[in-house]
file query10.cif (mmCIF, C-alpha atoms and all ligand atoms)
data_entry
loop_
_atom_site.label_atom_id
_atom_site.label_comp_id
_atom_site.auth_asym_id
_atom_site.auth_seq_id
_atom_site.Cartn_x
_atom_site.Cartn_y
_atom_site.Cartn_z
CA MET A 229 122.71 68.08 111.58
CA ASN A 230 122.34 68.55 107.85
CA PHE A 231 120.44 71.77 107.33
CA LYS A 232 119.36 72.92 103.90
CA THR A 233 116.64 75.39 103.00
CA THR A 234 113.93 74.18 100.62
CA ASP A 235 113.10 75.62 97.20
CA GLU A 236 109.91 77.10 98.68
CA GLN A 237 111.89 78.85 101.42
CA GLU A 238 114.31 80.27 98.84
CA MET A 239 111.35 81.47 96.72
CA LEU A 240 110.02 83.27 99.78
CA ARG A 241 113.48 84.81 100.29
CA ALA A 242 113.50 86.07 96.68
CA LYS A 243 110.05 87.60 97.14
CA VAL A 244 110.94 89.39 100.39
CA ARG A 245 114.33 90.50 99.03
CA ASP A 246 112.66 92.01 96.00
CA PHE A 247 110.18 93.87 98.21
CA ALA A 248 112.92 95.03 100.60
CA GLU A 249 115.16 96.24 97.77
CA LYS A 250 112.40 98.05 95.87
CA GLU A 251 110.24 99.42 98.67
CA VAL A 252 112.27 99.63 101.90
CA LYS A 253 115.84 100.34 100.83
CA PRO A 254 115.07 103.58 98.94
CA ILE A 255 113.47 105.17 102.02
CA ALA A 256 115.50 103.54 104.81
CA PHE A 257 117.86 106.50 105.08
CA LEU A 258 114.97 108.95 105.55
CA LEU A 259 113.14 106.73 108.04
CA ASP A 260 116.31 106.62 110.12
CA LYS A 261 116.98 110.34 109.81
CA GLU A 262 113.41 111.34 110.69
CA ASN A 263 112.84 108.63 113.33
CA ARG A 264 109.77 107.68 111.27
CA PHE A 265 107.67 104.50 111.34
CA PRO A 266 106.96 103.13 107.82
CA ASP A 267 103.14 102.88 107.94
CA GLU A 268 102.82 102.29 104.20
CA ILE A 269 105.50 99.59 104.20
CA VAL A 270 103.78 97.74 107.05
CA LYS A 271 100.47 97.82 105.12
CA LYS A 272 102.23 96.37 102.08
CA MET A 273 103.83 93.68 104.26
CA GLY A 274 100.28 92.69 105.21
CA LYS A 275 99.26 92.46 101.54
CA LEU A 276 102.34 90.29 100.88
CA ASP A 277 101.13 87.87 103.61
CA LEU A 278 104.19 88.54 105.78
CA MET A 279 102.35 89.63 108.93
CA GLY A 280 100.89 86.19 109.63
CA LEU A 281 103.53 84.21 107.80
CA PRO A 282 103.88 81.18 110.14
CA TYR A 283 100.22 80.97 111.22
CA PRO A 284 97.62 78.63 109.69
CA LYS A 285 95.46 79.94 106.88
CA GLU A 286 92.34 79.29 108.99
CA TYR A 287 93.57 82.06 111.33
CA GLY A 288 94.38 84.49 108.54
CA GLY A 289 98.04 83.46 108.19
CA ALA A 290 100.08 82.36 105.19
CA GLY A 291 100.49 78.81 106.52
CA LEU A 292 104.26 78.84 106.00
CA ASP A 293 106.94 77.51 108.35
CA VAL A 294 109.15 79.11 111.02
CA VAL A 295 112.31 78.98 108.85
CA SER A 296 110.48 81.02 106.20
CA TYR A 297 109.51 83.51 108.89
CA ALA A 298 113.18 83.77 109.98
CA ILE A 299 114.17 84.35 106.35
CA ALA A 300 111.58 87.13 106.01
CA VAL A 301 112.92 88.97 109.09
CA GLU A 302 116.48 88.44 107.84
CA GLU A 303 115.74 89.85 104.39
CA LEU A 304 113.98 92.95 105.70
CA SER A 305 116.80 93.54 108.20
CA ARG A 306 119.38 93.17 105.42
CA VAL A 307 118.23 96.58 104.21
CA ASP A 308 116.69 98.03 107.40
CA GLY A 309 116.96 96.60 110.91
CA GLY A 310 114.03 98.70 112.14
CA THR A 311 111.61 97.22 109.60
CA GLY A 312 112.86 93.74 110.55
CA VAL A 313 111.96 94.20 114.21
CA ILE A 314 108.51 95.59 113.40
CA LEU A 315 107.72 92.23 111.79
CA SER A 316 109.48 90.21 114.49
CA ALA A 317 107.72 91.94 117.41
CA HIS A 318 104.36 91.65 115.65
CA VAL A 319 104.64 87.97 114.67
CA SER A 320 106.66 86.50 117.54
CA LEU A 321 105.62 88.61 120.49
CA GLY A 322 102.26 90.21 119.72
CA SER A 323 100.62 87.31 117.87
CA TRP A 324 102.26 84.08 119.00
CA PRO A 325 101.04 84.03 122.63
CA ILE A 326 97.46 84.42 121.35
CA PHE A 327 98.03 81.61 118.84
CA ALA A 328 99.57 79.35 121.49
CA TYR A 329 97.46 80.15 124.56
CA GLY A 330 94.31 81.89 123.29
CA THR A 331 90.81 80.46 123.37
CA GLU A 332 89.10 79.95 120.01
CA GLU A 333 87.15 83.19 120.59
CA GLN A 334 90.36 85.11 121.36
CA LYS A 335 92.01 83.71 118.23
CA GLN A 336 89.08 84.68 116.03
CA LYS A 337 88.83 88.15 117.55
CA TYR A 338 92.53 89.02 117.81
CA LEU A 339 94.81 86.60 115.97
CA VAL A 340 92.91 86.69 112.67
CA PRO A 341 93.23 90.48 112.11
CA LEU A 342 96.84 90.36 113.36
CA ALA A 343 97.77 87.57 110.95
CA GLN A 344 95.93 89.26 108.09
CA GLY A 345 98.00 92.38 108.68
CA LYS A 346 94.90 94.45 109.45
CA LYS A 347 96.07 95.07 113.03
CA LEU A 348 99.54 95.43 114.51
CA GLY A 349 100.65 93.56 117.63
CA ALA A 350 102.97 94.36 120.55
CA PHE A 351 104.15 92.78 123.80
CA GLY A 352 104.32 94.53 127.17
CA LEU A 353 106.63 92.84 129.64
CA THR A 354 109.53 95.19 130.50
CA GLU A 355 109.10 97.71 133.32
CA PRO A 356 111.39 100.25 134.97
CA GLU A 357 112.19 97.77 137.77
CA ALA A 358 111.70 94.57 135.75
CA GLY A 359 114.12 94.37 132.83
CA SER A 360 116.33 91.29 132.91
CA ASP A 361 114.46 90.27 136.07
CA ALA A 362 111.13 89.92 134.30
CA GLY A 363 109.68 88.18 137.37
CA GLY A 364 109.93 91.54 139.20
CA THR A 365 106.82 92.79 137.35
CA GLU A 366 105.00 95.49 139.35
CA THR A 367 102.03 96.29 137.08
CA THR A 368 98.90 95.03 138.83
CA ALA A 369 95.61 93.58 137.65
CA VAL A 370 92.89 93.42 140.29
CA LEU A 371 89.69 91.49 139.61
CA ASP A 372 86.58 93.63 140.10
CA GLY A 373 83.40 91.86 138.97
CA ASP A 374 83.64 91.14 135.23
CA HIS A 375 86.80 93.18 134.76
CA TYR A 376 90.41 93.39 135.84
CA ILE A 377 91.66 96.87 136.72
CA LEU A 378 95.18 97.37 135.36
CA ASN A 379 97.68 99.88 136.75
CA GLY A 380 101.34 100.31 135.88
CA ASN A 381 103.88 101.20 133.19
CA LYS A 382 105.67 99.18 130.52
CA ILE A 383 108.81 100.63 128.98
CA PHE A 384 110.82 100.06 125.77
CA ILE A 385 107.84 98.55 123.96
CA THR A 386 108.42 97.84 120.28
CA ASN A 387 105.54 98.92 117.98
CA ALA A 388 104.08 100.73 121.04
CA ASP A 389 101.72 103.48 119.88
CA LYS A 390 101.52 102.04 116.35
CA ALA A 391 100.03 98.74 117.54
CA ASP A 392 96.37 97.89 118.03
CA ILE A 393 96.57 94.73 120.15
CA TYR A 394 98.92 94.10 123.08
CA VAL A 395 99.80 91.10 125.20
CA VAL A 396 100.57 92.58 128.61
CA PHE A 397 101.77 90.99 131.86
CA ALA A 398 100.57 92.00 135.33
CA VAL A 399 100.54 90.69 138.87
CA THR A 400 97.19 89.14 139.87
CA THR A 401 98.36 87.40 143.06
CA PRO A 402 100.92 89.51 144.92
CA ASP A 403 103.75 87.94 146.93
CA THR A 404 103.76 84.69 144.97
CA GLY A 405 106.69 85.53 142.69
CA THR A 406 106.53 84.45 139.07
CA HIS A 407 103.45 82.31 139.83
CA GLY A 408 101.42 85.45 140.57
CA ILE A 409 101.81 86.96 137.08
CA SER A 410 99.04 86.72 134.46
CA ALA A 411 98.80 87.67 130.77
CA PHE A 412 96.12 89.90 129.25
CA ILE A 413 95.09 90.97 125.77
CA ILE A 414 94.71 94.74 125.74
CA GLU A 415 93.23 96.84 122.94
CA LYS A 416 94.28 100.32 121.95
CA GLY A 417 91.52 102.72 122.94
CA MET A 418 90.66 101.10 126.27
CA GLU A 419 89.99 103.96 128.68
CA GLY A 420 93.06 104.88 130.76
CA PHE A 421 95.53 103.23 128.34
CA THR A 422 97.96 105.84 126.96
CA PHE A 423 101.51 106.10 125.62
CA GLY A 424 104.69 107.89 126.51
CA ASP A 425 106.81 109.71 123.95
CA HIS A 426 108.40 107.81 121.08
CA TYR A 427 112.02 107.24 122.22
CA ASP A 428 114.82 108.93 120.25
CA LYS A 429 117.02 105.85 119.74
CA MET A 430 120.58 105.28 118.54
CA GLY A 431 119.45 102.76 115.91
CA ILE A 432 116.43 100.86 114.50
CA ARG A 433 114.92 104.31 114.23
CA SER A 434 112.24 103.26 111.74
CA SER A 435 110.68 101.14 114.49
CA SER A 436 108.50 102.82 117.05
CA THR A 437 109.40 102.30 120.71
CA ALA A 438 107.52 103.92 123.59
CA GLU A 439 106.09 103.47 127.04
CA LEU A 440 102.65 101.95 127.72
CA ILE A 441 100.80 103.59 130.61
CA PHE A 442 97.87 101.89 132.36
CA ASN A 443 95.80 104.02 134.65
CA ASP A 444 92.78 102.12 136.04
CA VAL A 445 92.26 100.38 132.71
CA LYS A 446 89.15 98.15 132.77
CA VAL A 447 90.03 94.92 131.00
CA PRO A 448 87.18 92.43 130.44
CA LYS A 449 87.70 89.12 132.25
CA GLU A 450 87.55 87.27 128.92
CA ASN A 451 90.79 89.05 127.90
CA LEU A 452 92.80 87.01 130.39
CA LEU A 453 95.20 84.96 128.23
CA GLY A 454 95.71 81.46 129.57
CA LYS A 455 94.93 80.96 133.25
CA GLU A 456 95.64 83.27 136.15
CA GLY A 457 99.24 82.73 137.29
CA GLU A 458 100.41 81.34 133.92
CA GLY A 459 101.67 84.70 132.69
CA PHE A 460 105.37 84.25 133.43
CA LYS A 461 105.50 80.93 131.58
CA ILE A 462 103.59 82.49 128.69
CA ALA A 463 106.14 85.34 128.61
CA MET A 464 109.14 83.00 128.78
CA SER A 465 107.88 80.62 126.11
CA THR A 466 106.99 83.58 123.88
CA LEU A 467 110.53 84.92 124.27
CA ASP A 468 111.95 81.51 123.33
CA GLY A 469 110.42 82.09 119.90
CA GLY A 470 110.98 85.84 119.86
CA ARG A 471 114.71 85.26 120.15
CA ILE A 472 114.66 83.45 116.80
CA GLY A 473 113.27 86.69 115.34
CA ILE A 474 116.01 88.84 116.89
CA ALA A 475 118.67 86.35 115.81
CA SER A 476 117.27 86.63 112.26
CA GLN A 477 117.32 90.42 112.51
CA ALA A 478 120.99 90.35 113.59
CA LEU A 479 121.81 87.92 110.78
CA GLY A 480 120.16 90.20 108.23
CA ILE A 481 121.86 93.39 109.47
CA ALA A 482 125.23 91.57 109.37
CA GLN A 483 124.57 90.13 105.90
CA GLY A 484 123.76 93.57 104.50
CA ALA A 485 126.90 95.13 106.00
CA TYR A 486 129.06 92.26 104.75
CA GLU A 487 127.74 92.48 101.19
CA ASN A 488 128.32 96.24 101.12
CA ALA A 489 131.86 95.87 102.47
CA LEU A 490 132.71 93.06 100.05
CA GLU A 491 131.53 95.07 97.05
CA TYR A 492 133.40 98.17 98.21
CA SER A 493 136.59 96.19 98.86
CA LYS A 494 136.56 94.97 95.25
CA GLU A 495 136.28 98.52 93.90
CA ARG A 496 138.51 100.45 96.26
CA ILE A 497 142.09 100.54 94.95
CA GLN A 498 144.98 101.23 97.33
CA PHE A 499 148.64 100.34 96.88
CA GLY A 500 147.82 99.52 93.24
CA LYS A 501 145.20 96.81 93.78
CA PRO A 502 141.67 96.32 95.17
CA ILE A 503 141.78 96.30 98.95
CA CYS A 504 140.06 92.86 99.03
CA GLN A 505 143.38 91.55 97.73
CA GLN A 506 145.24 92.95 100.73
CA GLN A 507 145.56 90.17 103.25
CA GLY A 508 144.43 92.28 106.22
CA ILE A 509 141.10 93.01 104.49
CA SER A 510 140.63 89.55 102.97
CA PHE A 511 141.05 87.95 106.41
CA LYS A 512 138.31 90.22 107.78
CA LEU A 513 136.02 89.21 104.91
CA ALA A 514 136.82 85.53 105.51
CA ASP A 515 135.94 85.82 109.21
CA MET A 516 132.73 87.69 108.38
CA ALA A 517 131.63 85.02 105.90
CA THR A 518 132.37 82.28 108.44
CA MET A 519 130.43 83.99 111.22
CA LEU A 520 127.49 84.55 108.88
CA ARG A 521 127.41 80.89 107.94
CA ALA A 522 127.57 79.78 111.57
CA SER A 523 124.85 82.28 112.56
CA ARG A 524 122.63 81.15 109.71
CA PHE A 525 122.89 77.50 110.75
CA LEU A 526 122.10 78.37 114.37
CA VAL A 527 119.12 80.54 113.41
CA TYR A 528 117.53 78.23 110.85
CA SER A 529 118.08 75.09 112.92
CA ALA A 530 116.43 76.70 115.98
CA ALA A 531 113.55 77.74 113.69
CA GLU A 532 113.29 74.22 112.33
CA LEU A 533 113.13 72.75 115.85
CA LYS A 534 110.29 75.13 116.66
CA GLU A 535 108.52 74.19 113.44
CA ASN A 536 108.83 70.51 114.33
CA HIS A 537 107.51 71.06 117.88
CA GLU A 538 110.80 69.93 119.38
CA PRO A 539 112.43 71.75 122.34
CA TYR A 540 114.11 74.92 121.10
CA GLY A 541 114.54 77.29 124.09
CA MET A 542 118.26 76.67 124.46
CA GLU A 543 118.87 76.70 120.70
CA SER A 544 117.00 79.99 120.20
CA ALA A 545 119.06 81.58 123.01
CA MET A 546 122.26 80.29 121.38
CA ALA A 547 121.17 81.64 118.00
CA LYS A 548 120.25 85.05 119.45
CA GLN A 549 123.45 85.36 121.46
CA TYR A 550 125.82 84.17 118.74
CA ALA A 551 124.17 85.92 115.79
CA SER A 552 123.97 89.26 117.60
CA ASP A 553 127.50 89.13 119.06
CA SER A 554 128.77 88.20 115.59
CA CYS A 555 126.68 90.95 114.04
CA LEU A 556 128.52 93.54 116.15
CA THR A 557 131.87 92.18 115.00
CA ILE A 558 130.74 92.08 111.38
CA VAL A 559 129.32 95.62 111.22
CA ASN A 560 132.43 96.91 112.98
CA ASP A 561 134.73 95.23 110.44
CA ALA A 562 132.49 96.28 107.56
CA LEU A 563 132.76 99.92 108.64
CA GLN A 564 136.51 99.49 109.09
CA ILE A 565 136.79 98.27 105.49
CA PHE A 566 134.96 101.39 104.29
CA GLY A 567 137.34 103.54 106.35
CA GLY A 568 136.39 107.22 106.67
CA THR A 569 133.71 106.86 103.99
CA GLY A 570 131.79 104.42 106.17
CA TYR A 571 131.74 106.90 109.04
CA LEU A 572 129.59 109.33 107.05
CA LYS A 573 125.86 109.80 107.60
CA GLY A 574 123.90 108.39 104.69
CA MET A 575 126.14 105.34 104.37
CA GLU A 576 124.26 102.07 104.87
CA VAL A 577 127.11 100.66 106.88
CA GLU A 578 126.92 103.56 109.34
CA ARG A 579 123.22 102.83 109.93
CA ALA A 580 123.88 99.08 110.22
CA TYR A 581 126.55 99.80 112.85
CA ARG A 582 123.97 101.65 114.97
CA ASP A 583 121.11 99.22 114.26
CA ALA A 584 123.20 96.20 115.27
CA LYS A 585 123.78 97.10 118.91
CA ILE A 586 120.20 96.62 120.13
CA CYS A 587 120.28 92.95 119.08
CA THR A 588 122.60 92.17 122.00
CA ILE A 589 120.25 93.96 124.40
CA TYR A 590 116.56 93.33 123.73
CA GLU A 591 114.51 90.13 124.10
CA GLY A 592 116.96 89.30 126.87
CA THR A 593 120.47 90.71 127.02
CA ASN A 594 123.18 88.37 125.79
CA GLU A 595 124.14 87.86 129.43
CA ILE A 596 120.59 86.57 130.04
CA GLN A 597 120.90 84.32 126.96
CA ARG A 598 123.91 82.73 128.65
CA VAL A 599 121.84 82.29 131.84
CA VAL A 600 119.19 80.49 129.75
CA ILE A 601 121.74 78.33 127.91
CA ALA A 602 123.52 77.46 131.15
CA SER A 603 120.26 76.54 132.88
CA HIS A 604 119.53 74.06 130.08
CA ILE A 605 122.96 72.45 130.03
CA THR A 606 122.99 72.14 133.81
CA ASP A 607 119.46 70.63 133.69
CA LYS A 608 117.71 73.47 135.55
CA VAL A 609 115.14 73.73 132.73
CA SER A 610 113.86 70.60 131.02
CA ASN A 611 112.16 72.09 127.91
N1 LIG R 1 109.31 78.30 129.13
C1 LIG R 1 108.38 77.96 130.06
N2 LIG R 1 108.57 78.13 131.38
C2 LIG R 1 109.74 78.67 131.77
C3 LIG R 1 110.73 79.06 130.86
C4 LIG R 1 110.49 78.85 129.48
N3 LIG R 1 111.36 79.19 128.56
N4 LIG R 1 111.78 79.58 131.53
C5 LIG R 1 111.46 79.52 132.83
N5 LIG R 1 110.23 78.97 132.97
C6 LIG R 1 109.52 78.68 134.21
C7 LIG R 1 110.40 77.84 135.14
O1 LIG R 1 110.26 76.47 134.83
C8 LIG R 1 109.86 78.21 136.51
O2 LIG R 1 108.68 77.48 136.74
P1 LIG R 1 108.35 76.89 138.22
O3 LIG R 1 108.47 78.04 139.17
O4 LIG R 1 106.97 76.36 138.08
O5 LIG R 1 109.39 75.83 138.48
C9 LIG R 1 109.46 79.66 136.35
O6 LIG R 1 109.30 79.89 134.94
C10 LIG R 1 110.52 80.62 136.89
O7 LIG R 1 111.73 80.31 136.22
P2 LIG R 1 113.13 80.85 136.70
O8 LIG R 1 113.29 80.53 138.17
O9 LIG R 1 114.17 80.39 135.76
O10 LIG R 1 112.89 82.44 136.58
P3 LIG R 1 113.83 83.65 136.92
O11 LIG R 1 113.04 84.66 137.66
O12 LIG R 1 115.11 83.16 137.50
O13 LIG R 1 114.10 84.31 135.46
C11 LIG R 1 115.16 84.59 133.32
C12 LIG R 1 114.63 83.63 134.42
C13 LIG R 1 115.60 83.66 132.21
C14 LIG R 1 116.32 85.44 133.79
C15 LIG R 1 113.99 85.50 132.84
O14 LIG R 1 113.63 86.45 133.83
C16 LIG R 1 114.30 86.23 131.55
O15 LIG R 1 114.19 85.64 130.47
N6 LIG R 1 114.69 87.52 131.64
C17 LIG R 1 114.88 88.33 130.44
C18 LIG R 1 113.60 89.03 130.09
C19 LIG R 1 113.54 89.39 128.63
O16 LIG R 1 113.99 88.67 127.76
N7 LIG R 1 112.90 90.52 128.35
C20 LIG R 1 112.68 90.92 126.99
C21 LIG R 1 111.50 91.83 126.92
S1 LIG R 1 110.68 91.82 125.38
C22 LIG R 1 111.61 92.72 124.32
O17 LIG R 1 112.75 93.02 124.52
C23 LIG R 1 110.88 92.96 123.05
C24 LIG R 1 111.48 93.95 122.11
O18 LIG R 1 111.83 95.07 122.42
C25 LIG R 1 111.53 93.58 120.70
#
call {"tool": "encode", "arguments": {"input": "query10.cif", "output": "structure tokens", "more": "lines below"}}
Ligand code: CAA
result
Amino acid sequence: MNFKTTDEQEMLRAKVRDFAEKEVKPIAFLLDKENRFPDEIVKKMGKLDLMGLPYPKEYGGAGLDVVSYAIAVEELSRVDGGTGVILSAHVSLGSWPIFAYGTEEQKQKYLVPLAQGKKLGAFGLTEPEAGSDAGGTETTAVLDGDHYILNGNKIFITNADKADIYVVFAVTTPDTGTHGISAFIIEKGMEGFTFGDHYDKMGIRSSSTAELIFNDVKVPKENLLGKEGEGFKIAMSTLDGGRIGIASQALGIAQGAYENALEYSKERIQFGKPICQQQGISFKLADMATMLRASRFLVYSAAELKENHEPYGMESAMAKQYASDSCLTIVNDALQIFGGTGYLKGMEVERAYRDAKICTIYEGTNEIQRVVIASHITDKVSN
């Protein structure tokens, strides 16, 4: 493998970095403190063509590639992990299943406004009794004439009450396991569709996470995504791509913490010299730089496979698992380099330390990533 980003991809990085530095960084501390979703920032991300970045122009997207998308999530997360996941959940989870499995009518009606940044997307899979075991979905959808009637709850949903369009999974044929699950496109405002309270989270506090509640929600038959019974495969293939987004988020959070620690270590004098010249600190910095390089290769190469329509499920799980485990090590060492100063509220490294943890949990815990990787290398899954 000989991976190198193109000039166009690096131009995109420069554009997103500039936006993140000028618009997101100055308010990231307040968003975190107030547990506040950045509505204005998300609107501006739409104007910058980020919200439909990897989708064709004919569907309202920017027509760029998956590596560019990974770079955009990375650059936002470099200054604020919460803003990074807003984009990732919207592009990878809310929009992609409609792009990949939607009818032309569904794409025109839902994908176009999502990709144009006029609407925000979300993905409803997780339930109280169906976390890692996504096949244990209990939400039901019962066909009644021209509508399905949806009942159930989805928890830990990123973008939740801020979104407009949701891809939601429900059981249409009970007692048939994963083959009985179907996917639906749900719109905010459908009668009986409400939200729980915005969770008070440890990190990524600028992103909105809440419960979706479906109480006899009438969903038109034409909002079935794919065929009845295809829902689990739609969810799994969506997560294959979503994991590239979370890997990019972890990479960005780690990169930001590393840069801050490196700069600080050059300025902080102890024992008569900058601490970066003390071997104990320089070895930490060396390990951080190595892990970042390895993560970056894993993330971009998984993205490139996806772009080239080659199998990427195992590679995206590897990227997500490695980049997020490394991110935890990197933010921990970065905070260690700052010492007591890094432990103070208001320090970027303190926020990065809290933001990092979720990357090993959502879109499949890192234990589940290992299940996915192992099932590929032992030939259980062929894609
Ligand atoms: N693509 C397509 N099909 C797939 C697939 C994939 N990646 N993975 C599995 N399948 C198919 C299998 O081929 C199988 O098909 P058949 O029955 O026709 O042979 C079927 O799906 C069932 O597969 P498994 O037997 O492997 O399913 P399982 O019940 O053992 O579960 C699992 C597998 C990998 C553990 C899965 O449940 C899983 O990924 N769990 C984690 C869920 C997760 O990631 N949740 C994240 C929620 S979203 C989120 O976190 C968003 C956020 O906040 C930002």
call {"tool": "closest_residue", "arguments": {"input": "query10.cif", "among": "A:Gly574, A:Gly424, A:Gly417, A:Gly309", "to": "Lys382 of chain A", "atoms": "only C-alpha atoms"}}
result
A:Gly424
call {"tool": "residues_near_ligand", "arguments": {"input": "query10.cif", "ligand": "ligand LIG 1 (chain R)", "cutoff": "7 Å", "atoms": "all atoms listed in the file", "output": "count of residues only"}}
result
32
call {"tool": "residues_near_point", "arguments": {"input": "query10.cif", "point": "(112.5, 73.9, 111.9)", "cutoff": "12 Å", "atoms": "all atoms listed in the file", "output": "ChimeraX atom specification"}}
result
/A:229-234,237,282,292-299,469,472,525-540,543-544
call {"tool": "atom_distance", "arguments": {"input": "query10.cif", "atom1": "atom CA of Ser603 of chain A", "atom2": "atom CA of Met546 of chain A"}}
result
12.3 Å
call {"tool": "atom_distance", "arguments": {"input": "query10.cif", "atom1": "atom CA of Ser552 of chain A", "atom2": "atom CA of Ala478 of chain A"}}
result
5.1 Å
call {"tool": "atom_distance", "arguments": {"input": "query10.cif", "atom1": "atom CA of Leu304 of chain A", "atom2": "atom CA of Ile414 of chain A"}}
result
27.9 Å
call {"tool": "closest_residue", "arguments": {"input": "query10.cif", "among": "A:Gly470, A:Gly420, A:Gly312, A:Gly568", "to": "Asn381 of chain A", "atoms": "only C-alpha atoms"}}
result
A:Gly420
call {"tool": "residues_around", "arguments": {"input": "query10.cif", "residues": "segment 426-430 of chain A", "least_positions_apart": "2", "cutoff": "8 Å", "atoms": "all atoms listed in the file", "output": "PyMOL selection string"}}
result
chain A and resi 263+424+432-433+436-439+582-583
call {"tool": "residues_around", "arguments": {"input": "query10.cif", "residues": "Ala350 of chain A", "least_positions_apart": "2", "cutoff": "9 Å", "atoms": "all atoms listed in the file", "output": "ChimeraX atom specification"}}
result
/A:317-319,321-323,348,352,385-388,390-396
call {"tool": "write_last_selection", "arguments": {"input": "query10.cif", "atoms": "C-alpha atoms", "output": "PDB file, in the frame of the given file"}}
result
ATOM      1  CA  ALA A 317     107.720  91.940 117.410  1.00  0.00           C
ATOM      2  CA  HIS A 318     104.360  91.650 115.650  1.00  0.00           C
ATOM      3  CA  VAL A 319     104.640  87.970 114.670  1.00  0.00           C
ATOM      4  CA  LEU A 321     105.620  88.610 120.490  1.00  0.00           C
ATOM      5  CA  GLY A 322     102.260  90.210 119.720  1.00  0.00           C
ATOM      6  CA  SER A 323     100.620  87.310 117.870  1.00  0.00           C
ATOM      7  CA  LEU A 348      99.540  95.430 114.510  1.00  0.00           C
ATOM      8  CA  GLY A 352     104.320  94.530 127.170  1.00  0.00           C
ATOM      9  CA  ILE A 385     107.840  98.550 123.960  1.00  0.00           C
ATOM     10  CA  THR A 386     108.420  97.840 120.280  1.00  0.00           C
ATOM     11  CA  ASN A 387     105.540  98.920 117.980  1.00  0.00           C
ATOM     12  CA  ALA A 388     104.080 100.730 121.040  1.00  0.00           C
ATOM     13  CA  LYS A 390     101.520 102.040 116.350  1.00  0.00           C
ATOM     14  CA  ALA A 391     100.030  98.740 117.540  1.00  0.00           C
ATOM     15  CA  ASP A 392      96.370  97.890 118.030  1.00  0.00           C
ATOM     16  CA  ILE A 393      96.570  94.730 120.150  1.00  0.00           C
ATOM     17  CA  TYR A 394      98.920  94.100 123.080  1.00  0.00           C
ATOM     18  CA  VAL A 395      99.800  91.100 125.200  1.00  0.00           C
ATOM     19  CA  VAL A 396     100.570  92.580 128.610  1.00  0.00           C
TER      20      VAL A 396
END
call {"tool": "closest_residue", "arguments": {"input": "query10.cif", "among": "A:Gln344, A:Gln336, A:Thr311, A:Ser305", "to": "Gly289 of chain A", "atoms": "only C-alpha atoms"}}
result
A:Gln344
call {"tool": "closest_residue", "arguments": {"input": "query10.cif", "among": "A:Glu578, A:Asp561, A:Glu238, A:Asp374", "to": "Val447 of chain A", "atoms": "all atoms listed in the file"}}
result
A:Asp374
call {"tool": "closest_residue", "arguments": {"input": "query10.cif", "among": "A:Ile503, A:Ala522, A:Met575, A:Leu479", "to": "Cys555 of chain A", "atoms": "all atoms listed in the file"}}
result
A:Leu479
call {"tool": "residues_near_point", "arguments": {"input": "query10.cif", "point": "(138.6, 99.2, 100.2)", "cutoff": "8 Å", "atoms": "all atoms listed in the file", "output": "list in words"}}
result
Ala489, Tyr492, Ser493, Lys494, Glu495, Arg496, Ile497, Gln498, Pro502, Ile503, Cys504, Ile509, Ile565, Phe566 and Gly567 of chain A
call {"tool": "axis_aligned_box", "arguments": {"input": "query10.cif", "around": "segment 252-257 of chain A", "padding_each_side": "3 Å", "output": "lines of an AutoDock Vina configuration file"}}
result
center_x = 115.1
center_y = 103.1
center_z = 102.0
size_x = 11.6
size_y = 12.9
size_z = 12.1
call {"tool": "closest_residue", "arguments": {"input": "query10.cif", "among": "A:Asp607, A:Glu268, A:Glu366, A:Glu332", "to": "Ile255 of chain A", "atoms": "only C-alpha atoms"}}
result
A:Glu268
